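Novice: Input: one structure, supplied below.
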Amino acid sequence: MARPLGPVRLKKASPVTLAIGAVFTILVLYFLIGSSAPDFSASRKASAASHPLSPPTSPFRKSTGGGKPKAPPVAHYNLNNVTITSDPLSNRENILLLTPMARFYQQYWDNLLKLSYPHELITLGFILPKTKEGNAATTELQKQIAKTQKSGPEKDRFKSIIILRQDFDPPLQSQDEAERHKIQNQKIRRAAMAKARNSLLFTTLGPATSWVLWLDADVIETPSDLIQDLAAHNKPVIAPNCFQRFYNPEKKAMDERPYDFNNWQDSPTAVELAKKMGPDDILLEGYADMATYRALMAYMHKTDGLRQETVPLDGVGGAALLVKADVHRDGAMFPPFSFYHLIETEGFAKMAKRLGWQPFGLPNYKVYHYNE
């Protein structure tokens, strides 16, 4: 038979022991809760989206609590309240920086991090092809994004980042420079580029976006104040001059040369050539077999010229291009077909002009393209 136990006496804990236990519990709770989300400033928290179905350019922070998720919000936007000014920094205007990417260059990402415009006002958007090179580029891009957004200084972190994968096959499997620029490859290559740009634009343009900066993945060097400098001209479409650094064997030293020949002013010769073309034919720039005698901004650069000098353009390239968001909202996109015998970025310039938006260029303001 079991023997009944006598009364159990508990030893009273001392106040010091209770205090130590309470401090330890608070510390454990702080680290558990505090480490569940990255360190966001008050301004970032204020601009964060409340639901995953909010605009793609608003960063969405997953809720750390349980329970039933909130219903999708009914959002109201007054586009008249979105400012697009020559001083976007003072007005804290949102920038959408878009890059079609086939290869990842570390210099491109390093240059992005050097941009002096507040990163908390910049949304990055990328589109990459589903190819072997595209898969490799996506992997490298995601590594840099994780490094910057998760463990980098808060000043380096961007407002939000969107990565898209193309839903169509690229016409060229190789992205080598020589293969890309063959004249026989231009129409199909640039039609595919136009589709990629349109997919990226239509998916990411949000109601709070003021400016769209197109920056190619192989543009690896720009002034740190690129956004402020271009916006200061308050032009609807504006392009800097894209050059390329190279080793000049004649000078036995590093040199530079024009690279982007898609920034141009039209010529009577080009107009006459277009009149003789079929409806699906396109004019191309920079090829001896198709001499248009257009005035190319690449050759308007003056060593002693004013950096802020502007010239009107009839065609633009996409290496670096700042566009007021209203230009895209009005319907200006990148035609993947012959549009007045122009295609992609040059077709975009024509479409913008038809909508009443005049493109401009900066012949003495340079950005630099990667040299393969």
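Labels for the structure tokens follow display order: chains A, B, ..., residues from 1 in each chain, ligands from 1.
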I want to know what sits within 10 Å of Asn364 (chain A), based on only C-alpha atoms, with residues of the same chain fewer than 5 positions away left out; could you give that as a VMD selection string?

Specialist: chain A and resid 240 to 242 297 to 298 300 to 310

Novice: Pull C-alpha atoms from the residues just selected and write them as a compact mmCIF listing (two decimals), in the first residue's frame.

Specialist:
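This went into part-v6.txt:
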# COMPACT_ATOMS: atom_id res chain seq x y z
CA PRO A 240 22.98 61.00 -71.81
CA ASN A 241 25.75 60.09 -74.26
CA CYS A 242 26.95 56.49 -73.92
CA MET A 297 24.59 62.54 -80.75
CA ALA A 298 27.56 60.21 -80.24
CA MET A 300 28.19 65.79 -81.01
CA HIS A 301 30.35 65.45 -77.90
CA LYS A 302 32.79 68.31 -77.30
CA THR A 303 35.70 67.92 -74.90
CA ASP A 304 35.25 71.50 -73.69
CA GLY A 305 31.46 71.51 -74.10
CA LEU A 306 28.96 72.33 -71.39
CA ARG A 307 27.79 69.25 -69.53
CA GLN A 308 24.24 70.59 -69.29
CA GLU A 309 23.89 71.37 -73.02
CA THR A 310 20.78 69.74 -74.52

Novice: Report as a list in words all protein, DNA and RNA residues lying within 7 Å of region 345-353 of chain A, evaluated on only C-alpha atoms, omitting residues in the same chain fewer than 3 positions from it.

Specialist: Asn262, Asp314, Gly315, Val316, Gly317, Gly318, Val327, Ala332, Met333, Phe334, Pro335, Phe339, Leu342, Gly356, Trp357, Gln358 and Pro359 of chain A

Novice: Enter the distance from CA of Leu355 (chain A) to CA of Pro100 (chain A), in Å, rounded to one decimal.

Specialist: 24.8 Å

Novice: What gap, in Å, lies between CA of Met101 (chain A) and CA of Trp214 (chain A)?

Specialist: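 Separation between CA of Met101 (chain A) and CA of Trp214 (chain A): 11.5 Å.
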
Novice: Output as a PyMOL selection string all residues of region 90-309 of chain A that backbone DSSP marks as strand (DSSP E or B).

Specialist: chain A and resi 94-100+122-128+160-165+209-215+219-221+237-248+253-258+264-265+295-296

Novice: Using only C-alpha atoms, which protein or nucleic acid residues come within 9 Å of region 139-143 of chain A? Drop anything in the same chain fewer than 2 positions from it, and give the result as a ChimeraX atom specification.

Specialist: /A:104-106,109,134-137,145-148

Novice: Keeping only N, CA and C atoms, write the selected residues to a file as a PDB file, in the first residue's frame.

Specialist:
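In the end it all went to part-v4.pdb:
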ATOM      1  N   PHE A 104      24.925  39.270 -65.982  1.00  0.00           N
ATOM      2  CA  PHE A 104      25.130  40.074 -64.783  1.00  0.00           C
ATOM      3  C   PHE A 104      26.576  40.559 -64.744  1.00  0.00           C
ATOM      4  N   TYR A 105      26.735  41.878 -64.563  1.00  0.00           N
ATOM      5  CA  TYR A 105      28.062  42.479 -64.400  1.00  0.00           C
ATOM      6  C   TYR A 105      28.131  43.089 -63.004  1.00  0.00           C
ATOM      7  N   GLN A 106      29.139  42.679 -62.242  1.00  0.00           N
ATOM      8  CA  GLN A 106      29.273  43.194 -60.884  1.00  0.00           C
ATOM      9  C   GLN A 106      29.435  44.710 -60.870  1.00  0.00           C
ATOM     10  N   TRP A 109      26.096  46.505 -60.692  1.00  0.00           N
ATOM     11  CA  TRP A 109      25.484  46.554 -59.358  1.00  0.00           C
ATOM     12  C   TRP A 109      26.240  47.523 -58.449  1.00  0.00           C
ATOM     13  N   GLY A 134      20.830  33.483 -68.860  1.00  0.00           N
ATOM     14  CA  GLY A 134      19.839  34.179 -68.056  1.00  0.00           C
ATOM     15  C   GLY A 134      19.698  33.583 -66.668  1.00  0.00           C
ATOM     16  N   ASN A 135      19.775  32.254 -66.583  1.00  0.00           N
ATOM     17  CA  ASN A 135      19.704  31.587 -65.278  1.00  0.00           C
ATOM     18  C   ASN A 135      20.909  31.954 -64.417  1.00  0.00           C
ATOM     19  N   ALA A 136      22.086  31.979 -65.037  1.00  0.00           N
ATOM     20  CA  ALA A 136      23.301  32.345 -64.305  1.00  0.00           C
ATOM     21  C   ALA A 136      23.217  33.794 -63.826  1.00  0.00           C
ATOM     22  N   ALA A 137      22.698  34.679 -64.697  1.00  0.00           N
ATOM     23  CA  ALA A 137      22.563  36.083 -64.324  1.00  0.00           C
ATOM     24  C   ALA A 137      21.574  36.258 -63.174  1.00  0.00           C
ATOM     25  N   ILE A 145      21.326  41.049 -54.410  1.00  0.00           N
ATOM     26  CA  ILE A 145      20.128  41.612 -53.790  1.00  0.00           C
ATOM     27  C   ILE A 145      20.044  41.194 -52.325  1.00  0.00           C
ATOM     28  N   ALA A 146      20.269  39.906 -52.061  1.00  0.00           N
ATOM     29  CA  ALA A 146      20.218  39.414 -50.674  1.00  0.00           C
ATOM     30  C   ALA A 146      21.270  40.095 -49.815  1.00  0.00           C
ATOM     31  N   LYS A 147      22.457  40.265 -50.383  1.00  0.00           N
ATOM     32  CA  LYS A 147      23.550  40.895 -49.634  1.00  0.00           C
ATOM     33  C   LYS A 147      23.210  42.340 -49.293  1.00  0.00           C
ATOM     34  N   THR A 148      22.614  43.044 -50.244  1.00  0.00           N
ATOM     35  CA  THR A 148      22.295  44.461 -50.033  1.00  0.00           C
ATOM     36  C   THR A 148      21.063  44.642 -49.163  1.00  0.00           C
TER      37      THR A 148
END

Novice: Neighbouring residues of Val219 (chain A) were defined as those with any atom within 7 Å, considering only C-alpha atoms; residues of the same chain fewer than 4 positions away were excluded. Please report them as a PyMOL selection string.

Specialist: chain A and resi 108+215+319+368-370

Novice: If you run DSSP on the backbone, which residues of region 199-360 of chain A are helix (DSSP H, G or I), as a short mmCIF file (atom, residue, chain, number, x, y, z; two decimals) with all heavy atoms, in the first residue's frame?

Specialist:
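Output saved as result_2.cif:
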data_model
loop_
_atom_site.label_atom_id
_atom_site.label_comp_id
_atom_site.auth_asym_id
_atom_site.auth_seq_id
_atom_site.Cartn_x
_atom_site.Cartn_y
_atom_site.Cartn_z
N SER A 199 7.01 44.35 -71.19
CA SER A 199 6.59 43.47 -70.09
C SER A 199 7.05 44.03 -68.75
O SER A 199 6.29 44.06 -67.77
CB SER A 199 7.16 42.06 -70.28
OG SER A 199 6.62 41.44 -71.43
N LEU A 200 8.28 44.48 -68.72
CA LEU A 200 8.85 45.02 -67.48
C LEU A 200 8.13 46.31 -67.08
O LEU A 200 7.76 46.50 -65.92
CB LEU A 200 10.34 45.27 -67.68
CG LEU A 200 11.16 45.76 -66.48
CD1 LEU A 200 11.01 44.81 -65.30
CD2 LEU A 200 12.63 45.91 -66.88
N LEU A 201 7.91 47.19 -68.04
CA LEU A 201 7.26 48.47 -67.76
C LEU A 201 5.83 48.29 -67.28
O LEU A 201 5.42 48.84 -66.25
CB LEU A 201 7.29 49.33 -69.02
CG LEU A 201 6.51 50.65 -68.96
CD1 LEU A 201 7.14 51.60 -67.96
CD2 LEU A 201 6.44 51.30 -70.34
N PHE A 202 5.04 47.51 -68.03
CA PHE A 202 3.62 47.38 -67.71
C PHE A 202 3.39 46.66 -66.38
O PHE A 202 2.36 46.83 -65.74
CB PHE A 202 2.89 46.64 -68.83
CG PHE A 202 2.94 47.35 -70.17
CD1 PHE A 202 2.82 46.65 -71.35
CD2 PHE A 202 3.11 48.72 -70.23
CE1 PHE A 202 2.86 47.30 -72.58
CE2 PHE A 202 3.15 49.39 -71.45
CZ PHE A 202 3.02 48.67 -72.64
N THR A 203 4.35 45.83 -65.97
CA THR A 203 4.20 45.08 -64.73
C THR A 203 4.60 45.89 -63.51
O THR A 203 4.08 45.67 -62.42
CB THR A 203 5.06 43.80 -64.79
OG1 THR A 203 4.73 43.06 -65.96
CG2 THR A 203 4.81 42.91 -63.57
N THR A 204 5.49 46.85 -63.68
CA THR A 204 6.08 47.52 -62.52
C THR A 204 5.67 48.97 -62.32
O THR A 204 5.84 49.51 -61.22
CB THR A 204 7.61 47.48 -62.61
OG1 THR A 204 8.03 48.12 -63.84
CG2 THR A 204 8.14 46.06 -62.59
N LEU A 226 23.35 60.85 -61.22
CA LEU A 226 22.71 60.65 -62.52
C LEU A 226 21.24 61.06 -62.51
O LEU A 226 20.79 61.80 -63.38
CB LEU A 226 22.85 59.19 -62.94
CG LEU A 226 22.15 58.79 -64.24
CD1 LEU A 226 22.84 59.43 -65.44
CD2 LEU A 226 22.11 57.26 -64.39
N ILE A 227 20.48 60.58 -61.55
CA ILE A 227 19.03 60.85 -61.52
C ILE A 227 18.75 62.34 -61.35
O ILE A 227 17.96 62.93 -62.09
CB ILE A 227 18.36 60.03 -60.40
CG1 ILE A 227 18.46 58.53 -60.72
CG2 ILE A 227 16.91 60.45 -60.20
CD1 ILE A 227 18.02 57.62 -59.60
N GLN A 228 19.43 62.97 -60.38
CA GLN A 228 19.22 64.39 -60.15
C GLN A 228 19.65 65.22 -61.36
O GLN A 228 18.99 66.19 -61.74
CB GLN A 228 19.99 64.86 -58.91
CG GLN A 228 19.58 64.17 -57.62
CD GLN A 228 20.43 62.97 -57.28
OE1 GLN A 228 20.56 62.05 -58.08
NE2 GLN A 228 21.02 62.98 -56.10
N ASP A 229 20.79 64.84 -61.96
CA ASP A 229 21.31 65.61 -63.10
C ASP A 229 20.37 65.57 -64.29
O ASP A 229 20.12 66.59 -64.94
CB ASP A 229 22.68 65.05 -63.52
CG ASP A 229 23.77 65.33 -62.49
OD1 ASP A 229 23.55 66.18 -61.61
OD2 ASP A 229 24.84 64.70 -62.57
N LEU A 230 19.84 64.38 -64.61
CA LEU A 230 18.94 64.25 -65.76
C LEU A 230 17.60 64.92 -65.49
O LEU A 230 17.04 65.61 -66.35
CB LEU A 230 18.75 62.79 -66.13
CG LEU A 230 20.00 61.99 -66.54
CD1 LEU A 230 19.60 60.59 -67.01
CD2 LEU A 230 20.79 62.70 -67.62
N ALA A 231 17.07 64.72 -64.29
CA ALA A 231 15.76 65.29 -63.96
C ALA A 231 15.81 66.81 -63.90
O ALA A 231 14.79 67.47 -64.15
CB ALA A 231 15.26 64.73 -62.63
N PRO A 268 17.20 64.24 -94.20
CA PRO A 268 16.40 64.07 -95.42
C PRO A 268 16.66 62.72 -96.09
O PRO A 268 15.74 62.11 -96.66
CB PRO A 268 16.86 65.23 -96.30
CG PRO A 268 17.36 66.26 -95.34
CD PRO A 268 17.98 65.48 -94.22
N THR A 269 17.92 62.24 -96.03
CA THR A 269 18.26 60.95 -96.63
C THR A 269 17.48 59.82 -95.99
O THR A 269 16.93 58.95 -96.67
CB THR A 269 19.78 60.68 -96.51
OG1 THR A 269 20.50 61.74 -97.14
CG2 THR A 269 20.14 59.35 -97.14
N ALA A 270 17.43 59.82 -94.63
CA ALA A 270 16.70 58.77 -93.91
C ALA A 270 15.22 58.83 -94.23
O ALA A 270 14.55 57.79 -94.37
CB ALA A 270 16.95 58.91 -92.41
N VAL A 271 14.68 60.03 -94.33
CA VAL A 271 13.26 60.19 -94.65
C VAL A 271 12.95 59.60 -96.03
O VAL A 271 11.94 58.90 -96.22
CB VAL A 271 12.86 61.68 -94.58
CG1 VAL A 271 11.43 61.87 -95.09
CG2 VAL A 271 12.98 62.21 -93.16
N GLU A 272 13.84 59.85 -97.00
CA GLU A 272 13.64 59.33 -98.35
C GLU A 272 13.79 57.81 -98.38
O GLU A 272 13.05 57.11 -99.09
CB GLU A 272 14.62 59.98 -99.32
CG GLU A 272 14.30 61.44 -99.63
CD GLU A 272 12.92 61.61 -100.22
OE1 GLU A 272 12.53 60.82 -101.12
OE2 GLU A 272 12.19 62.53 -99.78
N LEU A 273 14.76 57.28 -97.64
CA LEU A 273 14.93 55.83 -97.56
C LEU A 273 13.67 55.16 -97.02
O LEU A 273 13.24 54.12 -97.51
CB LEU A 273 16.13 55.48 -96.66
CG LEU A 273 17.53 55.62 -97.25
CD1 LEU A 273 18.58 55.40 -96.16
CD2 LEU A 273 17.74 54.62 -98.38
N ALA A 274 13.08 55.76 -95.99
CA ALA A 274 11.88 55.19 -95.38
C ALA A 274 10.72 55.15 -96.35
O ALA A 274 9.91 54.21 -96.34
CB ALA A 274 11.50 56.00 -94.14
N LYS A 275 10.62 56.16 -97.21
CA LYS A 275 9.52 56.22 -98.18
C LYS A 275 9.57 55.05 -99.17
O LYS A 275 8.53 54.64 -99.70
CB LYS A 275 9.57 57.54 -98.95
CG LYS A 275 9.17 58.75 -98.11
CD LYS A 275 9.27 60.03 -98.95
CE LYS A 275 8.88 61.26 -98.13
NZ LYS A 275 9.01 62.50 -98.92
N ALA A 288 27.24 50.60 -92.22
CA ALA A 288 27.67 51.16 -93.49
C ALA A 288 26.74 50.78 -94.63
O ALA A 288 26.58 51.52 -95.61
CB ALA A 288 29.10 50.71 -93.81
N ASP A 289 26.10 49.59 -94.51
CA ASP A 289 25.19 49.14 -95.56
C ASP A 289 23.88 49.91 -95.59
O ASP A 289 23.06 49.72 -96.49
CB ASP A 289 24.88 47.64 -95.38
CG ASP A 289 26.12 46.78 -95.55
OD1 ASP A 289 27.08 47.26 -96.16
OD2 ASP A 289 26.11 45.62 -95.08
N MET A 290 23.66 50.76 -94.59
CA MET A 290 22.41 51.53 -94.53
C MET A 290 22.76 52.96 -94.10
O MET A 290 22.48 53.39 -92.97
CB MET A 290 21.44 50.88 -93.55
CG MET A 290 20.01 51.42 -93.63
SD MET A 290 18.90 50.58 -92.47
CE MET A 290 18.71 48.98 -93.25
N MET A 297 24.15 61.85 -81.96
CA MET A 297 24.59 62.54 -80.75
C MET A 297 25.94 62.03 -80.29
O MET A 297 26.71 62.76 -79.65
CB MET A 297 23.55 62.38 -79.63
CG MET A 297 23.85 63.26 -78.42
SD MET A 297 22.59 63.23 -77.13
CE MET A 297 22.94 61.66 -76.34
N ALA A 298 26.26 60.78 -80.62
CA ALA A 298 27.56 60.21 -80.24
C ALA A 298 28.71 61.07 -80.73
O ALA A 298 29.77 61.14 -80.09
CB ALA A 298 27.67 58.79 -80.79
N TYR A 299 28.52 61.73 -81.89
CA TYR A 299 29.58 62.55 -82.48
C TYR A 299 29.38 64.04 -82.20
O TYR A 299 30.13 64.86 -82.72
CB TYR A 299 29.64 62.30 -83.98
CG TYR A 299 30.02 60.88 -84.34
CD1 TYR A 299 29.27 60.16 -85.27
CD2 TYR A 299 31.11 60.25 -83.72
CE1 TYR A 299 29.61 58.85 -85.58
CE2 TYR A 299 31.44 58.94 -84.03
CZ TYR A 299 30.70 58.25 -84.96
OH TYR A 299 31.03 56.95 -85.27
N ALA A 325 7.16 59.60 -65.95
CA ALA A 325 6.20 58.49 -65.90
C ALA A 325 4.94 58.79 -66.70
O ALA A 325 4.33 57.87 -67.26
CB ALA A 325 5.85 58.17 -64.44
N ASP A 326 4.58 60.06 -66.81
CA ASP A 326 3.37 60.42 -67.57
C ASP A 326 3.52 60.09 -69.05
O ASP A 326 2.51 59.88 -69.74
CB ASP A 326 3.06 61.90 -67.39
CG ASP A 326 2.40 62.20 -66.05
OD1 ASP A 326 2.04 61.22 -65.35
OD2 ASP A 326 2.24 63.39 -65.71
N VAL A 327 4.74 60.10 -69.57
CA VAL A 327 4.96 59.75 -70.98
C VAL A 327 4.52 58.30 -71.21
O VAL A 327 3.82 57.99 -72.17
CB VAL A 327 6.43 59.96 -71.38
CG1 VAL A 327 6.66 59.53 -72.82
CG2 VAL A 327 6.84 61.42 -71.18
N HIS A 328 4.94 57.41 -70.31
CA HIS A 328 4.53 56.00 -70.42
C HIS A 328 3.04 55.85 -70.12
O HIS A 328 2.36 55.05 -70.77
CB HIS A 328 5.35 55.15 -69.46
CG HIS A 328 6.77 54.90 -69.91
ND1 HIS A 328 7.07 54.46 -71.17
CD2 HIS A 328 7.95 55.02 -69.25
CE1 HIS A 328 8.38 54.31 -71.28
NE2 HIS A 328 8.93 54.65 -70.13
N ARG A 329 2.54 56.60 -69.14
CA ARG A 329 1.11 56.50 -68.82
C ARG A 329 0.24 56.94 -69.99
O ARG A 329 -0.89 56.46 -70.16
CB ARG A 329 0.79 57.33 -67.57
CG ARG A 329 1.36 56.77 -66.28
CD ARG A 329 0.79 57.46 -65.06
NE ARG A 329 1.40 56.93 -63.85
CZ ARG A 329 2.29 57.59 -63.11
NH1 ARG A 329 2.66 58.81 -63.46
NH2 ARG A 329 2.81 57.04 -62.03
N GLU A 344 11.70 49.43 -81.32
CA GLU A 344 12.18 49.47 -79.93
C GLU A 344 12.37 50.90 -79.44
O GLU A 344 11.45 51.70 -79.50
CB GLU A 344 13.46 48.63 -79.80
CG GLU A 344 13.73 48.16 -78.37
CD GLU A 344 15.21 48.21 -78.03
OE1 GLU A 344 16.06 48.36 -78.92
OE2 GLU A 344 15.52 48.11 -76.84
N THR A 345 13.58 51.26 -78.95
CA THR A 345 13.76 52.58 -78.33
C THR A 345 13.59 53.72 -79.34
O THR A 345 13.06 54.78 -79.00
CB THR A 345 15.14 52.69 -77.67
OG1 THR A 345 16.16 52.42 -78.65
CG2 THR A 345 15.28 51.71 -76.52
N GLU A 346 14.03 53.50 -80.58
CA GLU A 346 13.86 54.54 -81.60
C GLU A 346 12.37 54.70 -81.95
O GLU A 346 11.89 55.82 -82.16
CB GLU A 346 14.68 54.20 -82.84
CG GLU A 346 16.19 54.25 -82.58
CD GLU A 346 16.98 53.50 -83.62
OE1 GLU A 346 16.79 52.27 -83.73
OE2 GLU A 346 17.78 54.15 -84.33
N GLY A 347 11.65 53.58 -81.97
CA GLY A 347 10.21 53.63 -82.16
C GLY A 347 9.52 54.30 -81.00
O GLY A 347 8.52 55.03 -81.17
N PHE A 348 10.04 54.09 -79.78
CA PHE A 348 9.50 54.76 -78.59
C PHE A 348 9.63 56.27 -78.72
O PHE A 348 8.69 57.02 -78.39
CB PHE A 348 10.23 54.28 -77.33
CG PHE A 348 10.08 55.20 -76.15
CD1 PHE A 348 8.89 55.26 -75.45
CD2 PHE A 348 11.13 56.03 -75.76
CE1 PHE A 348 8.74 56.13 -74.36
CE2 PHE A 348 10.99 56.89 -74.69
CZ PHE A 348 9.79 56.94 -73.99
N ALA A 349 10.78 56.75 -79.21
CA ALA A 349 10.98 58.19 -79.37
C ALA A 349 9.96 58.76 -80.35
O ALA A 349 9.39 59.84 -80.12
CB ALA A 349 12.40 58.48 -79.84
N LYS A 350 9.73 58.03 -81.44
CA LYS A 350 8.75 58.48 -82.43
C LYS A 350 7.34 58.52 -81.83
O LYS A 350 6.57 59.46 -82.05
CB LYS A 350 8.78 57.55 -83.64
CG LYS A 350 7.85 57.96 -84.78
CD LYS A 350 8.34 59.24 -85.45
CE LYS A 350 7.54 59.55 -86.70
NZ LYS A 350 8.01 60.79 -87.36
N MET A 351 7.02 57.49 -81.04
CA MET A 351 5.70 57.42 -80.42
C MET A 351 5.52 58.55 -79.41
O MET A 351 4.44 59.17 -79.32
CB MET A 351 5.51 56.06 -79.76
CG MET A 351 4.07 55.73 -79.41
SD MET A 351 3.85 54.05 -78.80
CE MET A 351 4.23 53.09 -80.27
N ALA A 352 6.58 58.82 -78.63
CA ALA A 352 6.52 59.92 -77.66
C ALA A 352 6.28 61.25 -78.37
O ALA A 352 5.46 62.07 -77.92
CB ALA A 352 7.81 59.97 -76.84
N LYS A 353 6.95 61.47 -79.49
CA LYS A 353 6.77 62.70 -80.24
C LYS A 353 5.34 62.80 -80.78
O LYS A 353 4.74 63.88 -80.78
CB LYS A 353 7.78 62.79 -81.39
CG LYS A 353 9.21 63.07 -80.95
CD LYS A 353 10.11 63.40 -82.13
CE LYS A 353 9.77 64.74 -82.74
NZ LYS A 353 10.72 65.15 -83.79
N ARG A 354 4.80 61.69 -81.25
CA ARG A 354 3.43 61.69 -81.77
C ARG A 354 2.43 62.03 -80.66
O ARG A 354 1.34 62.55 -80.93
CB ARG A 354 3.09 60.33 -82.38
CG ARG A 354 3.88 59.98 -83.63
CD ARG A 354 3.39 60.72 -84.85
NE ARG A 354 2.03 60.34 -85.22
CZ ARG A 354 1.30 60.98 -86.12
NH1 ARG A 354 1.79 62.04 -86.73
NH2 ARG A 354 0.08 60.57 -86.42
#

Novice: Interatomic distance between CA of Ser210 (chain A) and CA of Val323 (chain A)?

Specialist: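 Spanning CA of Ser210 (chain A) to CA of Val323 (chain A) is a straight-line distance of 9.0 Å.
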
Novice: I'd like the neighbourhood of Phe243 (chain A) as a list in words, where a residue qualifies if any of its atoms comes within 6 Å (using only C-alpha atoms), though same-chain residues fewer than 6 positions away should be ignored.

Specialist: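 Those residues are Arg257, Pro258, Tyr259 and Tyr368 of chain A.
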
Novice: Filtering to N, CA and C atoms, could you give me those residues as an mmCIF file, in the first residue's frame?

Specialist:
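Final file, part-v6.cif:
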data_model
loop_
_atom_site.group_PDB
_atom_site.id
_atom_site.type_symbol
_atom_site.label_atom_id
_atom_site.label_comp_id
_atom_site.auth_asym_id
_atom_site.auth_seq_id
_atom_site.Cartn_x
_atom_site.Cartn_y
_atom_site.Cartn_z
ATOM 1 N N ARG A 257 35.536 55.835 -76.647
ATOM 2 C CA ARG A 257 34.934 55.993 -77.964
ATOM 3 C C ARG A 257 33.426 55.986 -77.820
ATOM 4 N N PRO A 258 32.708 56.594 -78.777
ATOM 5 C CA PRO A 258 31.237 56.562 -78.747
ATOM 6 C C PRO A 258 30.730 55.125 -78.854
ATOM 7 N N TYR A 259 29.612 54.844 -78.198
ATOM 8 C CA TYR A 259 29.072 53.479 -78.235
ATOM 9 C C TYR A 259 27.633 53.421 -78.747
ATOM 10 N N TYR A 368 29.108 55.100 -69.258
ATOM 11 C CA TYR A 368 30.040 54.195 -69.922
ATOM 12 C C TYR A 368 29.517 52.759 -69.965
#

Novice: Choose the residue, out of A:Gly67, A:Gly125, A:Gly21, A:Pro207, that has the smallest atom-to-atom separation from Val82 (chain A); count only C-alpha atoms.

Specialist: A:Pro207
